[in-house]
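Here's target_0.txt, which has compact mmCIF, C-alpha atoms:
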# COMPACT_ATOMS: atom_id res chain seq x y z
CA GLU A 1 0.00 0.00 0.00
CA ALA A 2 1.32 3.43 -1.01
CA GLN A 3 1.69 5.48 2.13
CA VAL A 4 3.57 7.95 4.27
CA THR A 5 4.30 6.72 7.77
CA GLN A 6 5.31 8.69 10.83
CA ASN A 7 6.58 7.57 14.21
CA PRO A 8 5.75 8.07 16.94
CA ARG A 9 2.09 9.05 16.57
CA TYR A 10 1.96 10.55 20.04
CA LEU A 11 4.81 11.86 22.15
CA ILE A 12 4.96 13.65 25.48
CA THR A 13 8.39 14.91 26.44
CA VAL A 14 10.11 17.53 28.56
CA THR A 15 11.86 20.74 27.64
CA GLY A 16 15.37 20.23 26.32
CA LYS A 17 15.24 16.49 25.68
CA LYS A 18 16.28 15.84 22.10
CA LEU A 19 13.81 13.93 19.99
CA THR A 20 13.39 12.67 16.44
CA VAL A 21 10.17 12.11 14.55
CA THR A 22 10.64 9.72 11.68
CA CYS A 23 8.93 9.94 8.30
CA SER A 24 9.09 7.35 5.57
CA GLN A 25 7.36 7.01 2.19
CA ASN A 26 7.22 4.03 -0.15
CA MET A 27 6.17 5.86 -3.33
CA ASN A 28 9.65 6.84 -4.56
CA HIS A 29 8.74 10.53 -4.21
CA GLU A 30 11.46 13.11 -4.60
CA TYR A 31 9.74 15.88 -2.66
CA MET A 32 9.16 15.61 1.09
CA SER A 33 8.04 18.20 3.59
CA TRP A 34 7.26 18.75 7.26
CA TYR A 35 4.36 20.87 8.52
CA ARG A 36 3.07 21.84 11.89
CA GLN A 37 -0.58 22.59 12.50
CA ASP A 38 -1.77 24.82 15.30
CA PRO A 39 -5.30 26.09 16.09
CA GLY A 40 -5.98 29.35 14.30
CA LEU A 41 -2.69 29.23 12.39
CA GLY A 42 -3.34 26.47 9.91
CA LEU A 43 -0.65 24.32 8.31
CA ARG A 44 2.78 25.90 8.25
CA GLN A 45 5.77 24.44 6.48
CA ILE A 46 8.86 23.76 8.61
CA TYR A 47 11.34 22.29 6.12
CA TYR A 48 11.18 20.66 2.74
CA SER A 49 13.44 18.54 0.57
CA MET A 50 13.45 18.45 -3.21
CA ASN A 51 15.59 15.30 -3.29
CA VAL A 52 18.32 13.38 -1.45
CA GLU A 53 20.78 15.72 0.27
CA VAL A 54 18.72 18.78 -0.78
CA THR A 55 16.81 20.50 2.02
CA ASP A 56 15.54 24.02 2.54
CA LYS A 57 13.73 26.10 5.14
CA GLY A 58 10.02 26.62 5.07
CA ASP A 59 8.05 29.25 6.96
CA VAL A 60 8.87 28.23 10.54
CA PRO A 61 12.25 26.42 10.64
CA GLU A 62 13.56 27.77 13.95
CA GLY A 63 14.20 25.03 16.50
CA TYR A 64 14.08 22.20 13.97
CA LYS A 65 16.57 20.24 11.89
CA VAL A 66 16.08 17.77 9.07
CA SER A 67 18.19 15.46 6.98
CA ARG A 68 17.61 13.58 3.74
CA LYS A 69 20.20 10.85 3.41
CA GLU A 70 17.87 8.42 1.68
CA LYS A 71 15.05 9.10 -0.72
CA ARG A 72 12.40 7.39 1.39
CA ASN A 73 13.22 8.94 4.80
CA PHE A 74 12.97 12.50 6.06
CA PRO A 75 13.35 12.70 9.86
CA LEU A 76 12.50 15.82 11.85
CA ILE A 77 14.86 16.56 14.73
CA LEU A 78 14.16 18.79 17.70
CA GLU A 79 17.53 19.29 19.38
CA SER A 80 16.15 21.11 22.43
CA PRO A 81 12.36 21.06 22.39
CA SER A 82 10.43 23.88 24.04
CA PRO A 83 6.74 24.15 25.01
CA ASN A 84 6.02 26.39 21.98
CA GLN A 85 6.81 23.38 19.78
CA THR A 86 3.79 21.56 21.16
CA SER A 87 1.80 20.92 18.01
CA LEU A 88 0.44 18.42 15.51
CA TYR A 89 3.12 17.55 12.95
CA PHE A 90 2.56 16.18 9.47
CA CYS A 91 5.03 14.77 7.01
CA ALA A 92 4.10 14.81 3.33
CA SER A 93 5.57 13.68 0.02
CA SER A 94 4.95 14.07 -3.68
CA LEU A 95 6.53 13.52 -7.03
CA SER A 96 8.71 16.34 -8.24
CA GLY A 97 10.27 16.95 -11.63
CA THR A 98 8.96 19.24 -14.34
CA SER A 99 5.35 18.35 -13.61
CA GLY A 100 5.84 18.39 -9.88
CA ILE A 101 3.67 21.39 -9.24
CA TYR A 102 0.66 19.47 -10.49
CA ASN A 103 1.19 16.45 -8.29
CA GLU A 104 -0.83 15.57 -5.22
CA GLN A 105 0.95 15.80 -1.92
CA PHE A 106 0.30 12.77 0.30
CA PHE A 107 0.23 13.27 4.03
CA GLY A 108 1.27 11.00 6.85
CA PRO A 109 -1.11 10.32 9.78
CA GLY A 110 0.40 13.00 12.00
CA THR A 111 2.40 13.12 15.22
CA ARG A 112 0.92 14.87 18.22
CA LEU A 113 3.79 16.28 20.25
CA THR A 114 3.49 17.76 23.74
CA VAL A 115 6.50 19.44 25.30
CA LEU A 116 6.17 20.05 29.04
CA GLN B 117 -1.38 39.97 2.94
CA LYS B 118 -1.27 36.25 3.62
CA GLU B 119 -0.33 34.05 0.73
CA VAL B 120 -3.59 32.09 0.82
CA GLU B 121 -6.65 33.49 2.56
CA GLN B 122 -9.81 31.76 3.61
CA ASN B 123 -11.72 34.39 5.50
CA SER B 124 -15.17 33.09 6.23
CA GLY B 125 -15.89 31.53 9.59
CA PRO B 126 -17.56 28.18 10.26
CA LEU B 127 -20.21 27.36 7.68
CA SER B 128 -23.38 25.57 8.73
CA VAL B 129 -25.50 24.08 5.96
CA PRO B 130 -28.59 21.86 6.06
CA GLU B 131 -28.24 18.37 4.70
CA GLY B 132 -28.88 18.37 0.97
CA ALA B 133 -27.95 22.03 0.50
CA ILE B 134 -24.96 23.52 -1.33
CA ALA B 135 -21.88 24.52 0.66
CA SER B 136 -19.75 27.25 -0.94
CA LEU B 137 -16.17 27.93 0.11
CA ASN B 138 -13.90 30.70 -1.15
CA CYS B 139 -10.17 31.25 -1.25
CA THR B 140 -7.95 34.05 -2.54
CA TYR B 141 -4.21 33.92 -3.14
CA SER B 142 -1.54 36.56 -3.53
CA ASP B 143 1.16 34.86 -5.64
CA ARG B 144 0.39 35.42 -9.31
CA GLY B 145 2.98 32.76 -10.11
CA SER B 146 0.81 30.06 -8.55
CA GLN B 147 0.14 27.37 -11.10
CA SER B 148 -1.83 24.69 -9.35
CA PHE B 149 -4.61 24.82 -6.80
CA PHE B 150 -5.91 22.22 -4.42
CA TRP B 151 -8.72 21.63 -1.98
CA TYR B 152 -8.01 19.29 0.91
CA ARG B 153 -10.52 17.93 3.41
CA GLN B 154 -9.40 17.34 6.98
CA TYR B 155 -11.39 15.60 9.66
CA SER B 156 -10.58 16.54 13.23
CA GLY B 157 -7.28 15.02 14.33
CA LYS B 158 -6.69 13.41 10.94
CA SER B 159 -4.38 14.23 8.06
CA PRO B 160 -5.50 16.31 5.07
CA GLU B 161 -6.73 14.38 2.05
CA LEU B 162 -6.97 15.76 -1.46
CA ILE B 163 -10.48 16.13 -2.86
CA MET B 164 -9.99 18.47 -5.83
CA SER B 165 -7.19 19.91 -7.91
CA ILE B 166 -7.51 22.53 -10.64
CA TYR B 167 -4.95 24.15 -12.93
CA SER B 168 -6.89 26.09 -15.58
CA ASN B 169 -9.45 28.86 -15.41
CA GLY B 170 -13.02 27.66 -15.25
CA ASP B 171 -14.88 24.90 -13.50
CA LYS B 172 -13.90 21.34 -12.72
CA GLU B 173 -16.47 18.89 -11.47
CA ASP B 174 -15.93 15.60 -9.65
CA GLY B 175 -19.03 13.97 -8.26
CA ARG B 176 -20.66 16.35 -5.78
CA PHE B 177 -17.65 18.67 -5.78
CA THR B 178 -16.97 21.56 -8.16
CA ALA B 179 -13.84 23.67 -8.06
CA GLN B 180 -13.75 27.06 -9.78
CA LEU B 181 -10.61 28.99 -10.66
CA ASN B 182 -10.25 32.59 -11.78
CA LYS B 183 -6.58 33.48 -12.15
CA ALA B 184 -7.27 37.10 -13.10
CA SER B 185 -9.07 37.63 -9.80
CA GLN B 186 -6.73 35.22 -7.95
CA TYR B 187 -9.72 33.37 -6.63
CA VAL B 188 -10.51 29.69 -6.10
CA SER B 189 -13.76 28.27 -4.82
CA LEU B 190 -15.25 24.91 -3.90
CA LEU B 191 -18.90 23.96 -4.12
CA ILE B 192 -20.25 20.89 -2.35
CA ARG B 193 -23.64 19.90 -3.72
CA ASP B 194 -26.16 17.76 -1.84
CA SER B 195 -24.15 18.17 1.37
CA GLN B 196 -24.02 15.12 3.61
CA PRO B 197 -23.18 14.83 7.32
CA SER B 198 -19.96 13.07 6.25
CA ASP B 199 -18.91 16.33 4.56
CA SER B 200 -18.58 17.94 8.00
CA ALA B 201 -14.87 18.74 8.15
CA THR B 202 -12.34 21.52 7.69
CA TYR B 203 -11.54 22.38 4.07
CA LEU B 204 -8.08 23.66 3.26
CA CYS B 205 -7.25 25.65 0.15
CA ALA B 206 -3.66 25.32 -1.12
CA THR B 207 -1.64 26.78 -3.98
CA ARG B 208 1.62 25.71 -5.54
CA GLY B 209 4.15 27.71 -7.51
CA GLY B 210 7.27 27.02 -9.48
CA ASN B 211 9.33 26.07 -6.43
CA ASN B 212 6.98 23.18 -5.70
CA ARG B 213 6.12 24.71 -2.35
CA LEU B 214 2.53 24.17 -1.20
CA ALA B 215 1.03 27.14 0.66
CA PHE B 216 -2.11 26.54 2.72
CA GLY B 217 -4.93 28.73 3.92
CA LYS B 218 -6.11 28.40 7.53
CA GLY B 219 -9.12 26.38 6.47
CA ASN B 220 -12.90 26.68 6.72
CA GLN B 221 -14.96 24.46 8.97
CA VAL B 222 -18.13 23.07 7.42
CA VAL B 223 -20.91 21.62 9.57
CA VAL B 224 -23.72 19.79 7.78
CA ILE B 225 -26.88 19.70 9.88
CA PRO B 226 -29.07 16.61 9.42

Hey, can you dump this file as structure tokens for me?
Amino acid sequence: EAQVTQNPRYLITVTGKKLTVTCSQNMNHEYMSWYRQDPGLGLRQIYYSMNVEVTDKGDVPEGYKVSRKEKRNFPLILESPSPNQTSLYFCASSLSGTSGIYNEQFFGPGTRLTVL
Amino acid sequence: QKEVEQNSGPLSVPEGAIASLNCTYSDRGSQSFFWYRQYSGKSPELIMSIYSNGDKEDGRFTAQLNKASQYVSLLIRDSQPSDSATYLCATRGGNNRLAFGKGNQVVVIP
């Protein structure tokens, strides 16, 4: 089944304790992205990657890191989480290339993170 | 001005009626436009995409695009209780970046 998976789905942690949220897709998509969703603010892009070893900042990158060593994986790293990073996080992927702008972006199930 | 704006508040419609949602965007370079549906606590799922001016129909859904006015809309005909969700408008430009509006909540009243 074609899908985007995220782990963990739920996480409660404490301020300053490094964490990683994994994202994996099995559709051979070049483009991958991380979003956070907060009430009243909608979906905001954190980082995106056009392909392996190519990443770039989105709208709200502060406090986050990403890497893209393999095409299928795009982990989100919070080196020192703070309470303002409490949010619902979504990973997404799509085909890229010359027709990339027309391609559907598939979303993972989401990770609900609480930082105490 | 926000990149993608969905200004209207929650929309309540009776079952069987038409729900109408509007979206404006600021980037004239936007080339593709999407409507996603999101149930509470779930991930967004694509319901409509449109790339050319005019209307595009898919079942009970119709998307309308007017690039001159930088305006995208979504009509849901014969609204059902299962249509109760938040609808997200999104646009995409040459850098492949997807920009989302804040969404509009739709409540279909049986």

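With distances taken over all atoms listed in the file, A:Gly16 is the one residue among A:Gly108, A:Pro39, A:Gly16, A:Pro61 lying closest to Glu79 of chain A.
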
Legend entry - Selection: 7 Å around Val224 of chain B, only C-alpha atoms, excl. self and same-chain fewer than 2 positions, as a PyMOL selection string: chain B and resi 128-131+195-197+199-200+222+226

Legend entry - Residue neighbourhood Ser168 of chain B, 9 Å, all atoms listed in the file, exclusion window fewer than 6 positions, as a list in words: Gln147, Ser148, Leu181, Asn182 and Lys183 of chain B

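Across the structure, atom CA of Thr114 of chain A and atom CA of Asn84 of chain A are spaced 9.2 Å apart.
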
Kindly provide the residues of chain B that approach chain A to within 9 Å, each paired with its closest atom pair and their distance in Å to one decimal, based on only C-alpha atoms, listed by chain and increasing number, as a tab-separated table.
residue	atom	partner	partner_atom	distance
B:Gln147	CA	A:Ile101	CA	7.2
B:Ser148	CA	A:Tyr102	CA	5.9
B:Phe149	CA	A:Tyr102	CA	8.4
B:Phe150	CA	A:Glu104	CA	8.4
B:Gly157	CA	A:Gly110	CA	8.3
B:Lys158	CA	A:Pro109	CA	6.5
B:Ser159	CA	A:Pro109	CA	5.4
B:Pro160	CA	A:Phe107	CA	6.6
B:Glu161	CA	A:Phe107	CA	7.3
B:Leu162	CA	A:Glu104	CA	7.2
B:Ser165	CA	A:Glu104	CA	8.2
B:Ile166	CA	A:Tyr102	CA	8.7
B:Tyr167	CA	A:Tyr102	CA	7.7
B:Leu204	CA	A:Gly42	CA	8.6
B:Arg208	CA	A:Ile101	CA	6.0
B:Gly209	CA	A:Ile101	CA	6.6
B:Gly210	CA	A:Ile101	CA	6.7
B:Asn211	CA	A:Ile101	CA	7.9
B:Asn212	CA	A:Ile101	CA	5.2
B:Arg213	CA	A:Ile101	CA	8.0
B:Leu214	CA	A:Gln45	CA	8.3
B:Ala215	CA	A:Arg44	CA	7.9
B:Phe216	CA	A:Leu43	CA	6.2
B:Gly217	CA	A:Gly42	CA	6.6
B:Lys218	CA	A:Gly42	CA	4.1
B:Gly219	CA	A:Gly42	CA	6.7

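Excluding Asn123 of chain B and any residue on its chain fewer than 4 positions from it, the residues at most 8 Å away by all atoms listed in the file are Asn138, Cys139 and Asn220 of chain B.
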
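Pairwise distance (atom CA of Gln186 of chain B, atom CA of Ser142 of chain B) equals 6.9 Å.
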
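With distances taken over all atoms listed in the file, B:Arg193 is the one residue among B:Tyr187, B:Arg193, B:Trp151, B:Leu137 lying closest to Gly175 of chain B.
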
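Taking all atoms listed in the file into account, Ser24 of chain A lies nearest to A:Thr5 out of the set A:Ile12, A:Glu53, A:Ser82, A:Thr5.
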
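If you measure from each of A:Ile46, A:Asp56, A:Ser87, A:Trp34 to Phe74 of chain A using only C-alpha atoms, the closest one turns out to be A:Trp34.
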
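You will find atom CA of Glu119 of chain B at 11.4 Å from atom CA of Gly145 of chain B.
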
Legend entry - B:Pro126, B:Ala201, B:Arg153, B:Lys172 ranked by distance to Ser189 of chain B, top pick (using only C-alpha atoms): B:Lys172

Legend entry - 9 Å contact set for Leu19 of chain A, only C-alpha atoms, chain neighbours under 3 positions out, as number ranges by chain: A: 13, 76-81
